[in-house]
file coords_29.cif (mmCIF, C-alpha atoms)
data_work
loop_
_atom_site.label_atom_id
_atom_site.label_comp_id
_atom_site.auth_asym_id
_atom_site.auth_seq_id
_atom_site.Cartn_x
_atom_site.Cartn_y
_atom_site.Cartn_z
CA MET A 1 -102.06 -31.38 34.66
CA HIS A 2 -105.33 -29.57 34.96
CA THR A 3 -108.44 -28.91 32.90
CA ILE A 4 -110.73 -25.90 32.96
CA ARG A 5 -114.49 -26.07 32.44
CA LEU A 6 -117.68 -24.22 33.37
CA ALA A 7 -118.77 -24.96 36.93
CA GLU A 8 -121.68 -27.26 37.74
CA GLU A 9 -123.99 -27.30 40.76
CA ARG A 10 -121.95 -30.19 42.21
CA ASP A 11 -118.87 -27.92 42.45
CA ARG A 12 -120.47 -25.62 45.04
CA GLU A 13 -118.96 -27.21 48.16
CA ALA A 14 -115.45 -27.32 46.69
CA ILE A 15 -115.73 -23.70 45.52
CA LEU A 16 -116.77 -22.57 49.00
CA ALA A 17 -114.09 -24.75 50.62
CA ILE A 18 -111.42 -23.09 48.46
CA SER A 19 -112.86 -19.63 49.23
CA LYS A 20 -112.42 -20.35 52.94
CA ASP A 21 -109.09 -22.15 52.48
CA VAL A 22 -107.32 -19.21 50.82
CA ALA A 23 -107.82 -17.27 54.09
CA VAL A 24 -107.82 -13.84 52.46
CA PHE A 25 -111.61 -13.73 52.01
CA THR A 26 -113.74 -12.48 54.91
CA LYS A 27 -116.86 -14.44 55.91
CA GLU A 28 -118.96 -11.78 54.15
CA GLU A 29 -116.93 -12.32 50.98
CA VAL A 30 -117.36 -16.12 51.13
CA ASP A 31 -121.13 -15.56 51.57
CA THR A 32 -121.06 -13.31 48.49
CA VAL A 33 -119.35 -16.05 46.43
CA ASP A 34 -122.13 -18.42 47.58
CA GLU A 35 -124.87 -15.94 46.55
CA LEU A 36 -123.33 -15.37 43.12
CA PHE A 37 -122.98 -19.13 42.64
CA ASP A 38 -126.71 -19.41 43.40
CA GLU A 39 -127.44 -16.88 40.67
CA TYR A 40 -125.11 -18.74 38.30
CA VAL A 41 -126.70 -22.18 38.73
CA HIS A 42 -130.32 -21.00 38.95
CA ASP A 43 -130.27 -18.45 36.18
CA ARG A 44 -127.81 -19.70 33.58
CA GLU A 45 -129.77 -17.88 30.86
CA ALA A 46 -129.18 -14.44 32.40
CA ARG A 47 -125.41 -14.99 32.47
CA ASP A 48 -124.91 -12.18 34.97
CA TYR A 49 -122.34 -14.39 36.69
CA VAL A 50 -120.28 -17.19 35.20
CA PHE A 51 -118.14 -19.61 37.23
CA ALA A 52 -115.32 -21.64 35.69
CA VAL A 53 -113.23 -24.18 37.59
CA ALA A 54 -109.80 -25.80 37.24
CA CYS A 55 -109.60 -29.49 38.15
CA ASP A 56 -106.73 -31.97 38.42
CA GLU A 57 -106.67 -35.34 36.64
CA LYS A 58 -108.74 -36.86 39.50
CA GLN A 59 -111.38 -34.14 39.02
CA ARG A 60 -110.47 -32.47 42.30
CA LEU A 61 -111.11 -28.72 42.25
CA LEU A 62 -107.95 -26.60 42.27
CA GLY A 63 -109.45 -23.15 41.83
CA PHE A 64 -112.19 -21.08 40.28
CA VAL A 65 -112.88 -17.76 38.60
CA CYS A 66 -116.18 -15.84 38.55
CA TYR A 67 -116.92 -13.15 35.98
CA GLY A 68 -119.81 -11.35 34.32
CA PRO A 69 -120.95 -8.32 32.31
CA THR A 70 -120.48 -4.92 33.97
CA ALA A 71 -123.81 -3.08 34.27
CA LEU A 72 -124.31 0.08 32.21
CA THR A 73 -121.27 -0.49 30.00
CA ASP A 74 -120.62 -1.39 26.39
CA ARG A 75 -119.08 -4.90 26.36
CA THR A 76 -117.10 -4.49 29.57
CA TYR A 77 -116.82 -7.53 31.85
CA ASP A 78 -115.85 -7.77 35.50
CA ALA A 79 -113.62 -10.54 36.84
CA TYR A 80 -115.25 -10.75 40.28
CA TRP A 81 -113.48 -13.58 42.08
CA LEU A 82 -110.40 -15.70 41.64
CA ALA A 83 -109.15 -18.27 44.12
CA VAL A 84 -106.73 -21.20 44.00
CA SER A 85 -106.51 -23.73 46.83
CA LYS A 86 -103.44 -23.33 49.01
CA GLN A 87 -101.79 -26.60 47.94
CA ALA A 88 -102.24 -25.72 44.25
CA GLN A 89 -100.86 -22.19 44.45
CA GLY A 90 -97.71 -21.20 42.56
CA LYS A 91 -98.43 -23.63 39.69
CA GLY A 92 -100.01 -21.21 37.25
CA ILE A 93 -103.62 -22.27 37.97
CA GLY A 94 -104.84 -18.73 38.55
CA ARG A 95 -103.15 -17.60 35.40
CA ALA A 96 -104.64 -20.50 33.42
CA LEU A 97 -108.13 -19.67 34.72
CA PHE A 98 -107.69 -16.06 33.65
CA VAL A 99 -106.38 -16.98 30.19
CA TRP A 100 -109.32 -19.38 29.74
CA MET A 101 -111.78 -16.62 30.76
CA GLU A 102 -110.13 -14.16 28.39
CA GLU A 103 -110.42 -16.60 25.49
CA GLN A 104 -114.15 -17.09 26.16
CA LEU A 105 -114.77 -13.37 26.44
CA ARG A 106 -112.69 -12.41 23.41
CA ALA A 107 -114.69 -14.92 21.34
CA GLN A 108 -117.91 -13.30 22.62
CA GLY A 109 -116.77 -9.88 21.44
CA VAL A 110 -116.07 -8.50 24.92
CA ARG A 111 -114.14 -5.25 24.66
CA LEU A 112 -112.61 -4.79 28.11
CA ILE A 113 -112.05 -6.83 31.29
CA VAL A 114 -111.85 -4.93 34.57
CA LEU A 115 -111.31 -6.06 38.13
CA GLU A 116 -111.25 -4.48 41.53
CA THR A 117 -108.71 -5.61 44.08
CA SER A 118 -107.14 -4.63 47.35
CA GLY A 119 -103.81 -2.88 47.82
CA THR A 120 -102.86 -4.95 50.89
CA PRO A 121 -99.80 -7.27 50.99
CA GLU A 122 -102.13 -10.35 51.01
CA TYR A 123 -103.05 -9.48 47.42
CA ALA A 124 -99.50 -8.79 46.16
CA THR A 125 -99.24 -12.15 44.35
CA ALA A 126 -102.59 -11.56 42.62
CA ARG A 127 -101.60 -8.02 41.60
CA HIS A 128 -98.33 -9.35 40.19
CA MET A 129 -100.26 -11.90 38.13
CA TYR A 130 -102.52 -9.17 36.72
CA ASP A 131 -99.44 -7.18 35.73
CA VAL A 132 -97.89 -10.20 34.02
CA LEU A 133 -101.14 -10.89 32.15
CA GLY A 134 -101.11 -7.36 30.74
CA TYR A 135 -103.64 -5.66 33.00
CA THR A 136 -103.07 -1.97 33.75
CA GLY A 137 -103.48 -1.22 37.46
CA ARG A 138 -104.47 2.08 39.03
CA LEU A 139 -105.23 3.29 42.52
CA ALA A 140 -108.95 4.19 42.47
CA VAL A 141 -109.79 4.99 46.10
CA LYS A 142 -107.43 5.20 49.08
CA ASP A 143 -108.74 3.46 52.23
CA PHE A 144 -111.76 2.15 50.29
CA TYR A 145 -112.34 -1.21 52.02
CA ARG A 146 -111.10 0.05 55.38
CA THR A 147 -108.38 2.38 56.62
CA GLY A 148 -105.12 1.17 55.06
CA ASP A 149 -106.89 -1.03 52.48
CA ASP A 150 -107.08 0.72 49.10
CA LEU A 151 -109.21 -0.09 46.04
CA LEU A 152 -107.19 -0.72 42.89
CA TYR A 153 -108.70 -1.11 39.44
CA TYR A 154 -107.06 -3.32 36.81
CA ALA A 155 -108.13 -3.34 33.19
CA LYS A 156 -107.19 -5.13 29.97
CA THR A 157 -108.45 -4.32 26.50
CA LEU A 158 -109.43 -7.40 24.48
CA GLN A 159 -110.37 -5.68 21.22
CA MET B 1 -136.05 28.21 48.49
CA HIS B 2 -135.96 24.45 48.73
CA THR B 3 -136.23 21.74 51.33
CA ILE B 4 -134.62 18.34 51.39
CA ARG B 5 -136.26 15.22 52.81
CA LEU B 6 -136.24 11.43 52.41
CA ALA B 7 -138.19 10.32 49.34
CA GLU B 8 -141.66 8.75 49.59
CA GLU B 9 -143.40 6.32 47.25
CA ARG B 10 -145.38 9.25 45.77
CA ASP B 11 -142.11 10.82 44.49
CA ARG B 12 -141.41 7.98 42.06
CA GLU B 13 -142.89 9.57 38.93
CA ALA B 14 -141.13 12.90 39.51
CA ILE B 15 -137.82 11.13 40.19
CA LEU B 16 -138.10 9.19 36.94
CA ALA B 17 -139.23 12.32 35.05
CA ILE B 18 -136.12 14.16 36.26
CA SER B 19 -133.92 11.19 35.37
CA LYS B 20 -135.22 11.36 31.80
CA ASP B 21 -135.24 15.18 31.71
CA VAL B 22 -131.51 15.55 32.47
CA ALA B 23 -130.83 13.74 29.19
CA VAL B 24 -127.43 12.37 30.26
CA PHE B 25 -128.89 9.08 31.56
CA THR B 26 -129.39 6.23 29.12
CA LYS B 27 -132.69 4.30 29.17
CA GLU B 28 -130.85 1.48 30.96
CA GLU B 29 -129.70 3.95 33.62
CA VAL B 30 -133.24 5.33 34.12
CA ASP B 31 -134.48 1.74 34.52
CA THR B 32 -131.76 1.18 37.12
CA VAL B 33 -132.92 4.24 39.09
CA ASP B 34 -136.46 2.76 38.99
CA GLU B 35 -135.24 -0.63 40.27
CA LEU B 36 -133.26 0.93 43.10
CA PHE B 37 -136.27 3.09 44.03
CA ASP B 38 -138.31 -0.14 44.24
CA GLU B 39 -135.77 -1.57 46.66
CA TYR B 40 -135.84 1.67 48.66
CA VAL B 41 -139.62 1.85 49.11
CA HIS B 42 -140.19 -1.88 49.59
CA ASP B 43 -137.30 -2.64 51.88
CA ARG B 44 -136.69 0.47 53.96
CA GLU B 45 -135.31 -1.71 56.77
CA ALA B 46 -132.43 -3.03 54.67
CA ARG B 47 -131.31 0.49 53.77
CA ASP B 48 -129.23 -0.76 50.86
CA TYR B 49 -130.47 2.28 48.90
CA VAL B 50 -131.67 5.60 50.26
CA PHE B 51 -133.34 8.31 48.16
CA ALA B 52 -133.52 11.94 49.26
CA VAL B 53 -135.28 14.68 47.30
CA ALA B 54 -135.13 18.48 47.04
CA CYS B 55 -138.50 20.26 46.65
CA ASP B 56 -139.47 23.88 46.06
CA GLU B 57 -142.01 25.77 48.24
CA LYS B 58 -144.87 24.26 46.21
CA GLN B 59 -143.51 20.74 46.87
CA ARG B 60 -142.42 20.29 43.27
CA LEU B 61 -139.42 18.00 42.95
CA LEU B 62 -136.20 19.74 41.88
CA GLY B 63 -133.75 16.88 42.18
CA PHE B 64 -132.76 13.73 44.02
CA VAL B 65 -129.78 11.82 45.33
CA CYS B 66 -129.50 8.04 45.88
CA TYR B 67 -126.88 6.51 48.14
CA GLY B 68 -126.18 3.38 50.17
CA PRO B 69 -123.55 1.26 51.92
CA THR B 70 -120.78 -0.17 49.73
CA ALA B 71 -120.68 -3.99 49.98
CA LEU B 72 -117.65 -5.61 51.62
CA THR B 73 -116.31 -2.36 53.10
CA ASP B 74 -115.98 -0.87 56.55
CA ARG B 75 -118.37 2.13 56.73
CA THR B 76 -117.90 3.20 53.11
CA TYR B 77 -120.96 4.55 51.29
CA ASP B 78 -121.63 4.98 47.59
CA ALA B 79 -123.39 8.03 46.17
CA TYR B 80 -125.08 6.22 43.27
CA TRP B 81 -127.21 8.83 41.53
CA LEU B 82 -127.62 12.58 41.54
CA ALA B 83 -129.91 14.52 39.21
CA VAL B 84 -131.39 18.01 39.18
CA SER B 85 -134.18 18.99 36.75
CA LYS B 86 -133.01 21.15 33.88
CA GLN B 87 -134.89 24.30 34.96
CA ALA B 88 -133.46 24.02 38.51
CA GLN B 89 -129.82 23.52 37.49
CA GLY B 90 -127.16 26.08 38.41
CA LYS B 91 -128.90 27.01 41.69
CA GLY B 92 -126.91 24.84 44.07
CA ILE B 93 -129.56 22.10 44.38
CA GLY B 94 -127.15 19.28 43.60
CA ARG B 95 -124.68 20.67 46.07
CA ALA B 96 -127.39 21.03 48.76
CA LEU B 97 -128.47 17.41 48.21
CA PHE B 98 -124.89 16.24 48.62
CA VAL B 99 -124.30 18.32 51.76
CA TRP B 100 -127.57 16.94 53.24
CA MET B 101 -126.47 13.38 52.43
CA GLU B 102 -123.04 13.97 53.96
CA GLU B 103 -124.63 15.30 57.19
CA GLN B 104 -126.80 12.18 57.48
CA LEU B 105 -123.90 9.85 56.83
CA ARG B 106 -121.47 11.66 59.11
CA ALA B 107 -124.02 11.39 61.93
CA GLN B 108 -124.30 7.62 61.23
CA GLY B 109 -120.54 7.20 61.60
CA VAL B 110 -119.86 6.65 57.91
CA ARG B 111 -116.14 6.83 57.24
CA LEU B 112 -115.89 7.46 53.50
CA ILE B 113 -118.17 8.45 50.59
CA VAL B 114 -117.20 7.27 47.12
CA LEU B 115 -118.79 7.75 43.74
CA GLU B 116 -118.19 6.58 40.22
CA THR B 117 -118.68 8.95 37.33
CA SER B 118 -117.92 9.39 33.69
CA GLY B 119 -115.06 11.40 32.19
CA THR B 120 -117.17 12.76 29.31
CA PRO B 121 -117.90 16.50 28.83
CA GLU B 122 -121.59 15.92 29.81
CA TYR B 123 -120.38 15.21 33.35
CA ALA B 124 -117.96 18.15 33.62
CA THR B 125 -120.35 20.22 35.79
CA ALA B 126 -120.86 17.29 38.15
CA ARG B 127 -117.13 16.63 38.39
CA HIS B 128 -116.53 20.31 39.17
CA MET B 129 -119.11 20.11 41.97
CA TYR B 130 -117.37 17.07 43.47
CA ASP B 131 -114.08 18.95 43.40
CA VAL B 132 -115.65 21.97 45.10
CA LEU B 133 -117.20 19.73 47.78
CA GLY B 134 -113.79 18.30 48.62
CA TYR B 135 -113.91 14.98 46.80
CA THR B 136 -110.65 13.63 45.42
CA GLY B 137 -111.05 12.38 41.85
CA ARG B 138 -108.97 9.76 40.09
CA LEU B 139 -109.05 8.01 36.75
CA ALA B 140 -109.87 4.38 37.54
CA VAL B 141 -110.39 2.73 34.13
CA LYS B 142 -109.87 4.26 30.70
CA ASP B 143 -112.69 3.48 28.22
CA PHE B 144 -114.69 1.75 30.98
CA TYR B 145 -118.28 2.59 29.93
CA ARG B 146 -117.44 2.59 26.22
CA THR B 147 -114.51 3.69 24.06
CA GLY B 148 -113.79 7.31 24.97
CA ASP B 149 -115.86 7.17 28.19
CA ASP B 150 -113.64 6.67 31.23
CA LEU B 151 -114.54 5.64 34.78
CA LEU B 152 -113.46 8.15 37.42
CA TYR B 153 -113.67 7.52 41.15
CA TYR B 154 -114.25 10.37 43.60
CA ALA B 155 -113.90 9.94 47.36
CA LYS B 156 -114.29 12.07 50.47
CA THR B 157 -113.31 11.08 53.99
CA LEU B 158 -115.95 11.96 56.60
CA GLN B 159 -114.10 10.80 59.71
#
call {"tool": "encode", "arguments": {"input": "coords_29.cif", "output": "structure tokens"}}
result
Amino acid sequence: MHTIRLAEERDREAILAISKDVAVFTKEEVDTVDELFDEYVHDREARDYVFAVACDEKQRLLGFVCYGPTALTDRTYDAYWLAVSKQAQGKGIGRALFVWMEEQLRAQGVRLIVLETSGTPEYATARHMYDVLGYTGRLAVKDFYRTGDDLLYYAKTLQ
Amino acid sequence: MHTIRLAEERDREAILAISKDVAVFTKEEVDTVDELFDEYVHDREARDYVFAVACDEKQRLLGFVCYGPTALTDRTYDAYWLAVSKQAQGKGIGRALFVWMEEQLRAQGVRLIVLETSGTPEYATARHMYDVLGYTGRLAVKDFYRTGDDLLYYAKTLQ
């Protein structure tokens, strides 16, 4: 059992702990999650970044998703970050977070969700989930992040 | 005849005038150029954004390019903005700005230059120039900016 809700300031430590725990994020990436969380909690009005979390029945954090409007577009949103703690992986938490996000965004009139991800084996499970959820994936730039680490773009039309 | 140099604070008005003059940038995009120029002139140390300009023999601005390091990558740079004033178009100014930028970045050990652009007819001349300069273009997201306006990614390996 899990519930999904918007993140609160008190979730910061658990969000950062999960970001480190998943082991695929670099230190620079974990720092970026922290910066975006700052923007989320200190400027909720702007809504440039939104964090939602999945919790178990004891209110322990299982995972989170971060998303926001894509600059210079008409109703396109970016799904920036998704992470599920190691012990909670394989239970559909990531998928539930994404479905929850999609429901929010569809209700807001968002037209398209896009996300950037890596082509490395570490991200194969995530890419599979995007496929299953109906996202169309394309190679955007070979060797984008570093040599041997491509940028892929996934997109799903909401309306 | 033209010369290319790093932009100075005094170039701001001409840069914004060209951004408006080219008529393909939305107001939101012109405002973004202004914000990035702020970051460039006020935080030259950080070098998140660099502006270079092309001038004629009377020091009138003909065009500009804006580029900077791509977050979370190994020596990848983004070419964010390129614009040439209407009366100076078709004279190789855009191409000269790009070649100048590439020389700077190659000397700094940059590995890859990437850029995002639109698939609309208004950007056909720009896309042709990227092709000629050896950039590889790929469709990244259909209908990304708005319905009928795709996101294309171009990339060129420097080393």
call {"tool": "closest_atom_pairs", "arguments": {"input": "coords_29.cif", "of": "chain B", "to": "chain A", "cutoff": "7 Å", "atoms": "only C-alpha atoms", "output": "tab-separated table"}}
result
residue	atom	partner	partner_atom	distance
B:Glu28	CA	A:Leu72	CA	6.8
B:Glu29	CA	A:Leu72	CA	6.8
B:Leu72	CA	A:Glu29	CA	6.8
B:Thr73	CA	A:Tyr145	CA	4.3
B:Asp74	CA	A:Arg146	CA	5.1
B:Thr76	CA	A:Phe144	CA	6.8
B:Arg138	CA	A:Ala140	CA	6.1
B:Leu139	CA	A:Ala140	CA	6.9
B:Ala140	CA	A:Ala140	CA	5.0
B:Val141	CA	A:Ala155	CA	6.5
B:Phe144	CA	A:Thr76	CA	6.8
B:Tyr145	CA	A:Thr73	CA	4.3
B:Arg146	CA	A:Asp74	CA	5.1
B:Tyr153	CA	A:Ala140	CA	5.9
B:Ala155	CA	A:Val141	CA	6.6
call {"tool": "resolve_selection", "arguments": {"input": "coords_29.cif", "expression": "the PyMOL selection byres ((chain B and resi 15) around 9)", "output": "PyMOL selection string"}}
result
chain B and resi 11-14+16-20+33-34+53+61-64+83
call {"tool": "calpha_fit_and_write", "arguments": {"input": "coords_29.cif", "fixed": "chain B", "moving": "chain A", "output": "compact mmCIF listing (two decimals) with C-alpha atoms, keeping the file's coordinate frame"}}
result
# COMPACT_ATOMS: atom_id res chain seq x y z
CA MET A 1 -136.05 28.21 48.50
CA HIS A 2 -135.95 24.47 48.73
CA THR A 3 -136.23 21.75 51.35
CA ILE A 4 -134.61 18.33 51.40
CA ARG A 5 -136.26 15.21 52.81
CA LEU A 6 -136.24 11.43 52.41
CA ALA A 7 -138.19 10.31 49.35
CA GLU A 8 -141.64 8.74 49.59
CA GLU A 9 -143.38 6.31 47.23
CA ARG A 10 -145.36 9.24 45.77
CA ASP A 11 -142.11 10.82 44.49
CA ARG A 12 -141.41 7.97 42.05
CA GLU A 13 -142.88 9.58 38.92
CA ALA A 14 -141.11 12.90 39.52
CA ILE A 15 -137.80 11.13 40.19
CA LEU A 16 -138.09 9.19 36.93
CA ALA A 17 -139.21 12.31 35.06
CA ILE A 18 -136.11 14.17 36.26
CA SER A 19 -133.89 11.18 35.37
CA LYS A 20 -135.21 11.37 31.80
CA ASP A 21 -135.23 15.18 31.72
CA VAL A 22 -131.51 15.58 32.47
CA ALA A 23 -130.81 13.76 29.17
CA VAL A 24 -127.44 12.38 30.25
CA PHE A 25 -128.87 9.09 31.56
CA THR A 26 -129.38 6.23 29.10
CA LYS A 27 -132.67 4.29 29.15
CA GLU A 28 -130.84 1.47 30.96
CA GLU A 29 -129.69 3.95 33.61
CA VAL A 30 -133.22 5.34 34.11
CA ASP A 31 -134.47 1.73 34.49
CA THR A 32 -131.75 1.17 37.12
CA VAL A 33 -132.92 4.25 39.08
CA ASP A 34 -136.45 2.78 38.97
CA GLU A 35 -135.23 -0.63 40.26
CA LEU A 36 -133.26 0.94 43.11
CA PHE A 37 -136.27 3.08 44.02
CA ASP A 38 -138.30 -0.14 44.21
CA GLU A 39 -135.77 -1.57 46.65
CA TYR A 40 -135.83 1.67 48.64
CA VAL A 41 -139.61 1.84 49.10
CA HIS A 42 -140.20 -1.90 49.57
CA ASP A 43 -137.30 -2.65 51.86
CA ARG A 44 -136.72 0.45 53.95
CA GLU A 45 -135.34 -1.72 56.77
CA ALA A 46 -132.45 -3.04 54.66
CA ARG A 47 -131.32 0.49 53.78
CA ASP A 48 -129.25 -0.76 50.86
CA TYR A 49 -130.47 2.27 48.91
CA VAL A 50 -131.67 5.59 50.26
CA PHE A 51 -133.33 8.30 48.15
CA ALA A 52 -133.52 11.93 49.25
CA VAL A 53 -135.28 14.67 47.29
CA ALA A 54 -135.13 18.47 47.05
CA CYS A 55 -138.47 20.25 46.66
CA ASP A 56 -139.46 23.88 46.07
CA GLU A 57 -141.95 25.77 48.25
CA LYS A 58 -144.84 24.27 46.21
CA GLN A 59 -143.49 20.76 46.90
CA ARG A 60 -142.42 20.29 43.30
CA LEU A 61 -139.42 17.98 42.96
CA LEU A 62 -136.21 19.73 41.89
CA GLY A 63 -133.75 16.87 42.18
CA PHE A 64 -132.76 13.74 44.02
CA VAL A 65 -129.77 11.82 45.33
CA CYS A 66 -129.51 8.05 45.88
CA TYR A 67 -126.88 6.51 48.14
CA GLY A 68 -126.17 3.39 50.16
CA PRO A 69 -123.55 1.26 51.93
CA THR A 70 -120.78 -0.17 49.74
CA ALA A 71 -120.68 -3.98 49.97
CA LEU A 72 -117.66 -5.60 51.62
CA THR A 73 -116.33 -2.37 53.11
CA ASP A 74 -115.98 -0.86 56.55
CA ARG A 75 -118.37 2.14 56.72
CA THR A 76 -117.91 3.21 53.11
CA TYR A 77 -120.97 4.55 51.28
CA ASP A 78 -121.62 4.98 47.58
CA ALA A 79 -123.39 8.03 46.16
CA TYR A 80 -125.08 6.22 43.27
CA TRP A 81 -127.21 8.83 41.53
CA LEU A 82 -127.63 12.57 41.52
CA ALA A 83 -129.91 14.51 39.21
CA VAL A 84 -131.39 18.01 39.17
CA SER A 85 -134.16 18.98 36.76
CA LYS A 86 -133.00 21.15 33.88
CA GLN A 87 -134.89 24.28 34.99
CA ALA A 88 -133.45 24.01 38.52
CA GLN A 89 -129.83 23.52 37.50
CA GLY A 90 -127.16 26.07 38.43
CA LYS A 91 -128.91 27.00 41.70
CA GLY A 92 -126.91 24.84 44.08
CA ILE A 93 -129.56 22.09 44.39
CA GLY A 94 -127.14 19.28 43.61
CA ARG A 95 -124.69 20.68 46.08
CA ALA A 96 -127.39 21.03 48.75
CA LEU A 97 -128.48 17.41 48.21
CA PHE A 98 -124.89 16.25 48.61
CA VAL A 99 -124.31 18.32 51.76
CA TRP A 100 -127.57 16.96 53.23
CA MET A 101 -126.46 13.37 52.44
CA GLU A 102 -123.05 13.99 53.98
CA GLU A 103 -124.62 15.30 57.18
CA GLN A 104 -126.81 12.19 57.49
CA LEU A 105 -123.90 9.86 56.83
CA ARG A 106 -121.46 11.66 59.12
CA ALA A 107 -124.02 11.39 61.94
CA GLN A 108 -124.30 7.64 61.24
CA GLY A 109 -120.55 7.20 61.61
CA VAL A 110 -119.87 6.66 57.91
CA ARG A 111 -116.14 6.85 57.24
CA LEU A 112 -115.89 7.47 53.49
CA ILE A 113 -118.18 8.46 50.60
CA VAL A 114 -117.21 7.26 47.13
CA LEU A 115 -118.79 7.75 43.74
CA GLU A 116 -118.19 6.57 40.23
CA THR A 117 -118.68 8.95 37.34
CA SER A 118 -117.92 9.38 33.69
CA GLY A 119 -115.07 11.39 32.20
CA THR A 120 -117.19 12.75 29.32
CA PRO A 121 -117.91 16.49 28.83
CA GLU A 122 -121.60 15.90 29.80
CA TYR A 123 -120.40 15.21 33.34
CA ALA A 124 -117.97 18.16 33.62
CA THR A 125 -120.36 20.23 35.78
CA ALA A 126 -120.88 17.28 38.15
CA ARG A 127 -117.13 16.63 38.39
CA HIS A 128 -116.55 20.30 39.16
CA MET A 129 -119.12 20.12 41.96
CA TYR A 130 -117.38 17.07 43.46
CA ASP A 131 -114.09 18.96 43.40
CA VAL A 132 -115.65 21.98 45.11
CA LEU A 133 -117.21 19.74 47.77
CA GLY A 134 -113.79 18.31 48.62
CA TYR A 135 -113.93 14.98 46.80
CA THR A 136 -110.65 13.64 45.42
CA GLY A 137 -111.05 12.39 41.84
CA ARG A 138 -108.97 9.75 40.10
CA LEU A 139 -109.06 8.02 36.75
CA ALA A 140 -109.87 4.36 37.55
CA VAL A 141 -110.39 2.73 34.14
CA LYS A 142 -109.89 4.26 30.69
CA ASP A 143 -112.71 3.48 28.22
CA PHE A 144 -114.70 1.75 30.98
CA TYR A 145 -118.28 2.57 29.94
CA ARG A 146 -117.44 2.58 26.24
CA THR A 147 -114.53 3.67 24.07
CA GLY A 148 -113.81 7.30 24.97
CA ASP A 149 -115.88 7.17 28.18
CA ASP A 150 -113.65 6.67 31.23
CA LEU A 151 -114.55 5.63 34.79
CA LEU A 152 -113.49 8.14 37.43
CA TYR A 153 -113.67 7.51 41.16
CA TYR A 154 -114.27 10.36 43.61
CA ALA A 155 -113.89 9.96 47.35
CA LYS A 156 -114.29 12.08 50.47
CA THR A 157 -113.31 11.10 53.99
CA LEU A 158 -115.94 11.99 56.60
CA GLN A 159 -114.08 10.83 59.71
call {"tool": "atom_distance", "arguments": {"input": "coords_29.cif", "atom1": "CA of Ala79 in chain B", "atom2": "CA of Asp56 in chain B"}}
result
22.6 Å
call {"tool": "resolve_selection", "arguments": {"input": "coords_29.cif", "expression": "the PyMOL selection byres ((chain A and resi 37-47) around 9)", "output": "ChimeraX atom specification"}}
result
/A:7-9,12,32-36,48-51,66,68-69
call {"tool": "atom_distance", "arguments": {"input": "coords_29.cif", "atom1": "CA of Ser85 in chain B", "atom2": "CA of Thr120 in chain B"}}
result
19.6 Å
call {"tool": "decode", "arguments": {"input": "coords_29.cif", "residues": "range 118-129 of chain B", "atoms": "C-alpha atoms", "output": "PDB file, in the first residue's frame"}}
result
ATOM      1  CA  SER B 118      12.468  24.187 -34.263  1.00  0.00           C
ATOM      2  CA  GLY B 119      11.279  22.157 -37.244  1.00  0.00           C
ATOM      3  CA  THR B 120       9.167  24.998 -38.682  1.00  0.00           C
ATOM      4  CA  PRO B 121       9.852  26.593 -42.102  1.00  0.00           C
ATOM      5  CA  GLU B 122      11.056  29.823 -40.373  1.00  0.00           C
ATOM      6  CA  TYR B 123      14.084  27.867 -39.156  1.00  0.00           C
ATOM      7  CA  ALA B 124      14.893  26.134 -42.457  1.00  0.00           C
ATOM      8  CA  THR B 125      17.823  28.474 -43.244  1.00  0.00           C
ATOM      9  CA  ALA B 126      19.298  27.905 -39.794  1.00  0.00           C
ATOM     10  CA  ARG B 127      18.903  24.134 -40.076  1.00  0.00           C
ATOM     11  CA  HIS B 128      20.616  24.216 -43.477  1.00  0.00           C
ATOM     12  CA  MET B 129      23.525  26.132 -41.944  1.00  0.00           C
TER      13      MET B 129
END
